[in-house]
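Below: query33.cif (mmCIF, C-alpha atoms)
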```cif
data_my_file
#
loop_
_atom_site.label_atom_id
_atom_site.label_comp_id
_atom_site.auth_asym_id
_atom_site.auth_seq_id
_atom_site.Cartn_x
_atom_site.Cartn_y
_atom_site.Cartn_z
CA MET A 1 23.80 12.56 30.36
CA ARG A 2 23.72 15.12 27.63
CA LEU A 3 21.48 14.84 24.59
CA GLN A 4 22.06 16.45 21.24
CA LYS A 5 20.31 16.40 17.92
CA LEU A 6 23.12 16.76 15.44
CA SER A 7 22.93 18.71 12.22
CA ASP A 8 22.59 15.53 10.15
CA GLY A 9 19.64 14.38 12.26
CA ALA A 10 21.58 11.86 14.31
CA ILE A 11 21.26 11.79 18.09
CA ARG A 12 24.26 12.01 20.38
CA LEU A 13 24.14 10.78 23.94
CA SER A 14 27.20 12.05 25.75
CA GLN A 15 28.54 12.44 29.29
CA LEU A 16 27.07 9.01 30.01
CA ASN A 17 28.22 7.62 33.32
CA PRO A 18 29.00 3.91 33.74
CA TRP A 19 25.64 3.21 35.37
CA GLU A 20 23.73 4.78 32.48
CA VAL A 21 25.76 2.76 29.97
CA GLN A 22 25.12 -0.40 31.94
CA THR A 23 21.41 0.38 32.05
CA PHE A 24 21.22 0.77 28.28
CA ARG A 25 23.18 -2.43 27.85
CA SER A 26 20.71 -4.19 30.13
CA LEU A 27 17.75 -3.28 27.92
CA PRO A 28 17.32 -6.80 26.49
CA ILE A 29 17.11 -8.18 30.03
CA LEU A 30 14.88 -5.42 31.36
CA ALA A 31 12.56 -5.73 28.35
CA ASP A 32 12.35 -9.52 28.43
CA PHE A 33 8.76 -10.61 28.95
CA SER A 34 9.16 -14.28 28.09
CA ASP A 35 9.21 -15.41 31.71
CA HIS A 36 6.28 -13.35 32.96
CA GLU A 37 2.68 -13.98 31.97
CA ALA A 38 1.32 -10.52 32.76
CA ALA A 39 4.18 -8.82 30.94
CA GLU A 40 3.63 -11.04 27.91
CA ARG A 41 -0.09 -10.27 27.91
CA ARG A 42 0.73 -6.57 27.98
CA MET A 43 3.18 -6.76 25.10
CA LEU A 44 1.16 -9.21 23.02
CA PRO A 45 -2.51 -8.65 23.82
CA THR A 46 -5.36 -10.28 21.93
CA PRO A 47 -6.76 -8.28 19.01
CA ALA A 48 -10.33 -7.96 20.27
CA VAL A 49 -12.21 -7.64 23.52
CA GLU A 50 -13.04 -11.02 24.98
CA SER A 51 -16.74 -10.91 24.07
CA ASP A 52 -15.97 -10.35 20.39
CA LEU A 53 -12.92 -12.56 20.06
CA THR A 54 -13.72 -15.61 17.94
CA PRO A 55 -11.49 -18.70 18.02
CA ASP A 56 -10.52 -18.14 14.39
CA MET A 57 -9.54 -14.55 15.01
CA GLY A 58 -7.49 -15.50 18.04
CA MET A 59 -5.69 -18.34 16.26
CA ASP A 60 -4.88 -16.19 13.22
CA TRP A 61 -3.49 -13.50 15.52
CA VAL A 62 -1.29 -16.00 17.33
CA GLU A 63 -0.12 -17.57 14.09
CA TYR A 64 0.48 -14.52 11.92
CA VAL A 65 0.57 -11.27 13.89
CA MET A 66 2.28 -12.17 17.16
CA PRO A 67 5.42 -13.51 15.47
CA GLU A 68 5.70 -10.25 13.54
CA LEU A 69 5.31 -8.25 16.73
CA ARG A 70 7.95 -10.36 18.47
CA ASP A 71 10.30 -9.80 15.54
CA SER A 72 9.64 -6.07 15.64
CA PHE A 73 10.35 -5.89 19.38
CA ALA A 74 13.51 -7.96 18.99
CA ARG A 75 14.67 -5.72 16.14
CA ASN A 76 14.32 -2.64 18.35
CA LEU A 77 16.50 -4.17 21.03
CA SER A 78 19.12 -5.54 18.68
CA THR A 79 19.44 -2.13 17.02
CA VAL A 80 20.16 -0.51 20.39
CA MET A 81 22.78 -3.15 21.14
CA GLU A 82 24.41 -2.63 17.75
CA ASP A 83 24.56 1.14 18.26
CA LEU A 84 26.08 0.63 21.70
CA GLU A 85 28.92 -1.32 20.12
CA ASN A 86 30.13 2.06 18.85
CA LEU A 87 30.24 3.53 22.33
CA LYS A 88 33.18 5.87 22.84
CA THR A 89 35.07 6.23 26.09
CA HIS A 90 36.17 9.66 27.31
CA PHE A 91 38.66 10.14 30.08
CA PRO A 92 38.55 12.91 32.66
CA GLY A 93 39.48 16.25 31.13
CA ASP A 94 38.92 15.09 27.55
CA PRO A 95 37.24 17.69 25.36
CA GLU A 96 33.63 17.02 24.73
CA PRO A 97 32.79 14.96 21.66
CA ASP A 98 30.55 17.67 20.22
CA GLU A 99 33.45 19.84 19.18
CA ALA A 100 33.04 18.51 15.69
CA ASP A 101 31.02 20.64 13.36
CA ARG A 102 27.79 18.80 14.15
CA SER A 103 25.78 20.72 16.63
CA GLY A 104 22.15 21.30 17.25
CA HIS A 105 19.29 20.62 19.59
CA SER A 106 20.70 19.62 22.95
CA ALA A 107 19.80 19.13 26.55
CA SER A 108 21.16 17.67 29.72
CA ILE A 109 18.95 15.42 31.74
CA LEU A 110 19.03 13.95 35.19
CA ASP A 111 20.91 16.99 36.41
CA ASP A 112 19.48 18.62 39.47
CA ASP A 113 20.05 22.09 38.09
CA ALA A 114 19.15 21.38 34.49
CA ASP A 115 15.88 22.02 32.77
CA PRO A 116 15.95 19.39 30.04
CA TRP A 117 13.10 20.78 27.96
CA GLY A 118 13.29 24.40 29.04
CA TRP A 119 14.90 25.78 25.92
CA ASP A 120 13.55 28.94 24.52
CA ASP A 121 13.68 29.85 20.84
CA ASP A 122 13.79 33.52 21.67
CA ASP A 123 16.73 33.19 23.99
CA ASP A 124 19.66 34.34 21.91
CA GLU A 125 22.10 33.45 24.61
CA SER A 126 21.00 29.84 24.52
CA ARG A 127 22.02 29.68 20.87
CA SER A 128 25.49 31.00 21.41
CA PRO A 129 28.34 28.58 20.85
CA SER A 130 29.44 28.91 24.43
CA SER A 131 26.10 27.76 25.72
CA SER A 132 26.41 24.56 23.75
CA GLY A 133 29.18 23.68 26.11
CA THR A 134 32.31 23.99 24.07
CA GLY A 135 33.17 27.65 24.45
CA LYS A 136 34.57 27.39 20.99
CA LYS A 137 33.37 28.95 17.78
CA GLU A 138 31.65 26.35 15.70
CA SER A 139 32.29 25.95 12.02
CA GLY A 140 29.05 24.08 11.29
CA PRO A 141 25.52 25.42 11.04
CA PRO A 142 24.33 27.32 14.08
CA PRO A 143 22.50 25.29 16.67
CA GLN A 144 18.74 25.26 16.24
CA LYS A 145 18.23 25.21 19.95
CA ALA A 146 20.49 24.69 22.87
CA GLY A 147 19.79 23.83 26.43
CA PRO A 148 21.74 23.92 29.61
CA ALA A 149 24.66 21.59 29.76
CA ARG A 150 26.99 20.32 32.40
CA SER A 151 29.89 21.36 30.29
CA GLN A 152 29.34 24.99 31.15
CA SER A 153 31.48 24.23 34.15
CA GLY A 154 34.15 22.48 32.08
CA PRO A 155 34.77 19.01 30.79
CA PRO A 156 33.53 16.06 32.85
CA GLN A 157 35.90 15.14 35.63
CA GLU A 158 35.20 11.47 35.53
CA LEU A 159 35.21 8.63 33.04
CA ASN A 160 32.28 9.02 30.71
CA TYR A 161 30.97 7.70 27.43
CA SER A 162 29.16 8.84 24.32
CA VAL A 163 27.28 7.18 21.52
CA ASP A 164 25.79 8.45 18.26
CA ILE A 165 22.41 7.13 17.20
CA PRO A 166 21.49 7.37 13.51
CA SER A 167 18.27 9.30 13.02
CA GLU A 168 16.48 6.26 11.62
CA HIS A 169 17.26 4.39 14.85
CA ALA A 170 15.77 7.00 17.17
CA GLU A 171 12.32 5.47 17.20
CA LEU A 172 13.72 1.98 17.67
CA TRP A 173 15.57 3.22 20.76
CA PHE A 174 12.34 4.80 21.96
CA ARG A 175 10.41 1.56 21.55
CA ALA A 176 13.12 -0.54 23.18
CA MET A 177 13.06 1.71 26.25
CA ASN A 178 9.26 1.76 26.17
CA GLN A 179 9.18 -2.02 26.17
CA ALA A 180 11.53 -2.08 29.15
CA ARG A 181 9.27 0.31 31.05
CA LEU A 182 6.15 -1.68 30.19
CA VAL A 183 7.81 -4.85 31.41
CA LEU A 184 9.14 -3.14 34.56
CA SER A 185 5.60 -1.96 35.20
CA ALA A 186 4.09 -5.40 34.70
CA LYS A 187 6.74 -7.21 36.72
CA HIS A 188 7.45 -4.76 39.51
CA GLY A 189 4.51 -2.37 39.60
CA ILE A 190 6.65 0.62 38.71
CA ASP A 191 4.91 3.23 36.60
CA SER A 192 4.45 6.96 36.21
CA GLU A 193 1.16 7.20 38.09
CA HIS A 194 2.12 5.38 41.26
CA ILE A 195 5.23 7.01 42.62
CA PRO A 196 6.38 5.22 45.75
CA ASP A 197 8.06 7.02 48.60
CA LEU A 198 11.76 6.60 49.10
CA ALA A 199 11.39 4.38 52.16
CA THR A 200 9.21 1.96 50.19
CA LEU A 201 11.69 1.92 47.33
CA LEU A 202 14.60 1.27 49.67
CA THR A 203 12.91 -1.57 51.49
CA SER A 204 11.31 -3.18 48.46
CA GLY A 205 14.54 -3.72 46.58
CA LYS A 206 13.12 -1.87 43.59
CA LEU A 207 15.22 1.26 43.84
CA GLU A 208 17.40 0.47 40.84
CA TYR A 209 14.38 -0.46 38.74
CA TRP A 210 12.91 2.91 39.60
CA PHE A 211 16.06 4.77 38.53
CA GLN A 212 16.21 2.75 35.31
CA TYR A 213 12.57 3.55 34.62
CA GLU A 214 13.20 7.25 35.21
CA LEU A 215 16.26 7.27 32.96
CA PHE A 216 14.19 5.85 30.13
CA VAL A 217 11.33 8.29 30.75
CA SER A 218 13.73 11.22 30.54
CA LEU A 219 15.32 10.11 27.30
CA GLN A 220 11.99 9.09 25.75
CA GLY A 221 10.41 12.45 26.56
CA TRP A 222 13.26 14.24 24.86
CA LEU A 223 13.13 11.94 21.85
CA VAL A 224 9.41 12.51 21.28
CA ASP A 225 9.60 16.27 21.69
CA ALA A 226 12.83 16.95 19.85
CA VAL A 227 13.16 14.16 17.33
CA LEU A 228 10.17 11.96 16.61
CA ASP A 229 7.21 14.32 16.66
CA THR A 230 8.52 17.05 14.43
CA ASN A 231 5.25 17.93 12.68
CA MET B 232 -51.49 -51.60 -44.26
CA PHE B 233 -50.15 -49.71 -41.38
CA PRO B 234 -46.41 -48.95 -41.27
CA PRO B 235 -44.46 -50.82 -38.62
CA PRO B 236 -44.06 -48.96 -35.31
CA PRO B 237 -40.75 -47.06 -35.02
CA SER B 238 -38.13 -48.83 -32.98
CA PRO B 239 -37.32 -46.99 -29.69
CA ARG B 240 -34.19 -44.75 -29.66
CA PRO B 241 -31.35 -46.18 -27.58
CA ASP B 242 -31.44 -43.19 -25.11
CA ALA B 243 -35.18 -43.17 -24.76
CA ASP B 244 -35.09 -45.68 -21.98
CA PRO B 245 -35.35 -43.77 -18.63
CA LEU B 246 -33.24 -46.31 -16.82
CA ARG B 247 -30.53 -46.05 -19.43
CA ARG B 248 -30.57 -42.23 -19.25
CA LEU B 249 -30.16 -42.40 -15.51
CA LEU B 250 -27.18 -44.75 -15.81
CA ILE B 251 -25.53 -42.43 -18.35
CA ALA B 252 -26.07 -39.41 -16.09
CA LEU B 253 -24.65 -41.19 -13.07
CA ALA B 254 -21.59 -42.25 -15.02
CA SER B 255 -20.86 -38.63 -15.94
CA LEU B 256 -20.81 -37.42 -12.32
CA PRO B 257 -17.44 -36.73 -10.65
CA ASP B 258 -16.20 -39.26 -8.16
CA THR B 259 -16.85 -36.94 -5.22
CA VAL B 260 -19.51 -34.37 -4.78
CA VAL B 261 -18.59 -31.31 -2.71
CA ALA B 262 -21.35 -29.67 -0.77
CA PRO B 263 -21.53 -25.87 -0.96
CA GLU B 264 -19.45 -24.30 1.81
CA VAL B 265 -21.50 -22.66 4.52
CA LEU B 266 -19.42 -19.99 6.25
CA PRO B 267 -19.91 -19.39 9.94
CA GLU B 268 -21.96 -16.37 10.74
CA GLU B 269 -19.11 -14.17 11.92
CA ASP B 270 -17.20 -14.64 8.67
CA THR B 271 -20.11 -13.62 6.52
CA ASP B 272 -20.71 -10.53 8.60
CA LEU B 273 -17.90 -8.54 7.05
CA ASP B 274 -19.89 -5.37 6.79
CA GLN B 275 -20.50 -5.00 10.50
CA PRO B 276 -18.41 -2.09 11.77
CA TRP B 277 -15.79 -2.51 14.45
CA HIS B 278 -14.41 0.02 16.87
CA VAL B 279 -10.68 0.41 17.45
CA ILE B 280 -10.19 1.40 21.08
CA ILE B 281 -7.08 2.67 22.85
CA PHE B 282 -6.95 2.08 26.59
CA ASN B 283 -5.12 4.11 29.17
CA ASP B 284 -1.94 2.73 30.63
CA PRO B 285 0.32 4.34 33.19
CA VAL B 286 3.49 3.90 31.16
CA ASN B 287 3.09 5.36 27.68
CA LEU B 288 3.88 9.05 27.46
CA MET B 289 0.96 11.29 26.52
CA SER B 290 2.99 13.01 23.82
CA TYR B 291 3.85 9.62 22.34
CA VAL B 292 0.22 8.48 22.32
CA THR B 293 -0.73 11.67 20.48
CA MET B 294 2.06 11.18 17.97
CA VAL B 295 1.07 7.58 17.26
CA ILE B 296 -2.62 8.43 16.78
CA ARG B 297 -1.68 11.17 14.34
CA ARG B 298 0.74 8.95 12.48
CA ILE B 299 -1.51 5.91 12.08
CA PHE B 300 -4.84 7.60 11.44
CA SER B 301 -3.58 10.83 9.83
CA TYR B 302 -5.67 12.90 12.23
CA SER B 303 -5.01 16.55 12.97
CA LYS B 304 -2.94 17.39 16.01
CA GLU B 305 -6.02 18.79 17.75
CA LYS B 306 -8.10 15.68 17.14
CA ALA B 307 -5.30 13.38 18.23
CA GLU B 308 -4.74 15.39 21.41
CA THR B 309 -8.44 15.27 22.23
CA MET B 310 -8.43 11.50 21.79
CA MET B 311 -5.29 11.14 23.88
CA LEU B 312 -6.89 13.15 26.67
CA ASP B 313 -9.99 10.96 26.49
CA VAL B 314 -7.76 7.91 26.84
CA HIS B 315 -5.98 9.46 29.78
CA GLN B 316 -9.01 10.87 31.59
CA LYS B 317 -11.78 8.42 30.71
CA GLY B 318 -9.66 5.30 30.49
CA GLN B 319 -10.34 4.60 26.82
CA CYS B 320 -11.27 6.19 23.53
CA ILE B 321 -12.70 4.90 20.25
CA VAL B 322 -10.21 6.17 17.72
CA TRP B 323 -11.64 4.62 14.60
CA THR B 324 -14.72 2.69 13.40
CA GLY B 325 -15.02 0.72 10.20
CA GLY B 326 -14.53 -2.62 8.50
CA LYS B 327 -13.03 -5.58 10.31
CA GLU B 328 -9.96 -6.07 8.18
CA ARG B 329 -8.92 -2.43 8.44
CA ALA B 330 -9.59 -2.51 12.17
CA GLU B 331 -7.28 -5.51 12.53
CA LEU B 332 -4.59 -3.67 10.61
CA TYR B 333 -4.87 -0.63 12.88
CA VAL B 334 -4.78 -2.75 16.04
CA ARG B 335 -1.68 -4.48 14.75
CA GLN B 336 -0.01 -1.12 14.07
CA LEU B 337 -0.97 0.25 17.47
CA GLN B 338 0.35 -2.86 19.18
CA GLU B 339 3.61 -2.55 17.28
CA HIS B 340 3.83 0.94 18.78
CA GLN B 341 3.13 -0.70 22.16
CA LEU B 342 -0.14 1.08 22.86
CA LEU B 343 -2.76 -0.85 24.79
CA CYS B 344 -5.61 -1.32 22.34
CA SER B 345 -8.29 -3.65 21.12
CA MET B 346 -11.16 -3.91 18.67
CA LYS B 347 -14.81 -4.33 19.50
CA LYS B 348 -17.97 -4.79 17.46
CA ALA B 349 -19.79 -1.51 17.07
CA GLY B 350 -23.37 -1.29 18.21
#
```

As structure tokens:
Amino acid sequence: MRLQKLSDGAIRLSQLNPWEVQTFRSLPILADFSDHEAAERRMLPTPAVESDLTPDMGMDWVEYVMPELRDSFARNLSTVMEDLENLKTHFPGDPEPDEADRSGHSASILDDDADPWGWDDDDDESRSPSSSGTGKKESGPPPQKAGPARSQSGPPQELNYSVDIPSEHAELWFRAMNQARLVLSAKHGIDSEHIPDLATLLTSGKLEYWFQYELFVSLQGWLVDAVLDTN
Amino acid sequence: MFPPPPSPRPDADPLRRLLIALASLPDTVVAPEVLPEEDTDLDQPWHVIIFNDPVNLMSYVTMVIRRIFSYSKEKAETMMLDVHQKGQCIVWTGGKERAELYVRQLQEHQLLCSMKKAG
């Protein structure tokens, strides 16, 4: 997967493999907490600690605030699904979709040899058009930052996908993935502080959940650093 | 000769005055509302507390604290580290209604948080 912040502020996810696309499309299922009490308590906690929670306060929260929170969470997920309807398919050998004049902050993640957040402002080479993966002079504004990309070794040799995310949707994507991770944590005990060994993952049947969790962590980390927290 | 005693005024009779007063009362009398103690105690400060959780990214927690409370980056990072290392941090103290608003905003950002009476 390759991540780019385009010159107009939009986000481009490219070089997505079928599993990554399927994982994003599964977000509403992964983030569903309706059938799990602990997950629901995590997503919709009471407003006050138990000793200070009055019946009135609790009832008002259930009646007025929780429906708004549910709506907000549902809106995040539906926005992701709507953006994914514009997914583009790229066949082996196709030029990369970033050959348009929209280039900018980019990174590859989940690549063994890639350093997703290792860009360096002082590294002139990392700003060169060739390092953005196209090897072609760009007509748009110069990239603000550029990271390593798979495309340095040529176009992807397998079927892959890309999707553009409007800048105003970036945080909704973040929250949708966050919700999925919170629910995965509540349902399956997968989180960032308790990393199981491979044998445990293989025998517990949670291996795919773990990969999904890690995919979301990677994308979320990039979104916070490169897009959301710009101050 | 003495003048005749004045005749009593029609409303001078106490019983009659009482009947007139009762007739002027509304059909139902509403007793003054006595609010429960917690509702009258609006001035008591409340803490807004963020709790650690093993899922939310530290950079995201910092960003949300800055965004909601308009704190400096340094203050927000200090609070985030308190959350991470000590398990919780009081991020704001003040009136109940504002505390509820902050908790609602933090929950919308999916942070684990709650409010608690100060003191």

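Selection by the PyMOL selection byres ((chain B) within 7 of (chain A)) on the present file picks out B:Pro285, B:Val286, B:Ser290, B:Tyr291, B:Met294, B:Val334, B:Glu339, B:Gln341, B:Ser345, B:Met346, B:Lys347, B:Lys348.
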
message: Under the PyMOL selection byres ((chain B and resi 318) around 12), which residues of this model are included? Write them out as an MDAnalysis selection string.
response: chainID B and resid 280:285 310:317 319:321 343:344

Length of the CA of Ile195 in chain A to CA of His36 in chain A vector [Å]: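 A separation of 22.6 Å between them.
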
query: Quick one: distance from CA of Lys306 in chain B to CA of Val279 in chain B in Å, one decimal?
result: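 Pair CA of Lys306 in chain B / CA of Val279 in chain B returns 15.5 Å.
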
task: Could you tell me how far CA of Leu77 in chain A lies from CA of Val163 in chain A, in Å and to one decimal?
output: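 If I compute the distance from CA of Leu77 in chain A to CA of Val163 in chain A, I get 15.7 Å.
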
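Once only C-alpha atoms are considered, the residues situated within 10 Å of the file point (-5.9, -9.5, 7.5) turn out to be Met57, Asp60, Trp61, Tyr64 and Val65 of chain A; Lys327, Glu328, Arg329, Ala330, Glu331, Leu332 and Arg335 of chain B.
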
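Across A:Leu215, A:Pro166, A:Thr200, A:Pro95, the tightest approach to Met1 in chain A is made by A:Leu215 when counting only C-alpha atoms.
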
query: Do you know which residues are at most 12 Å from Glu85 in chain A counting all atoms listed in the file, after dropping those on the same chain fewer than 2 positions away, and could you put them as a VMD selection string?
result: chain A and resid 21 24 to 25 78 to 83 87 to 89 161 to 165
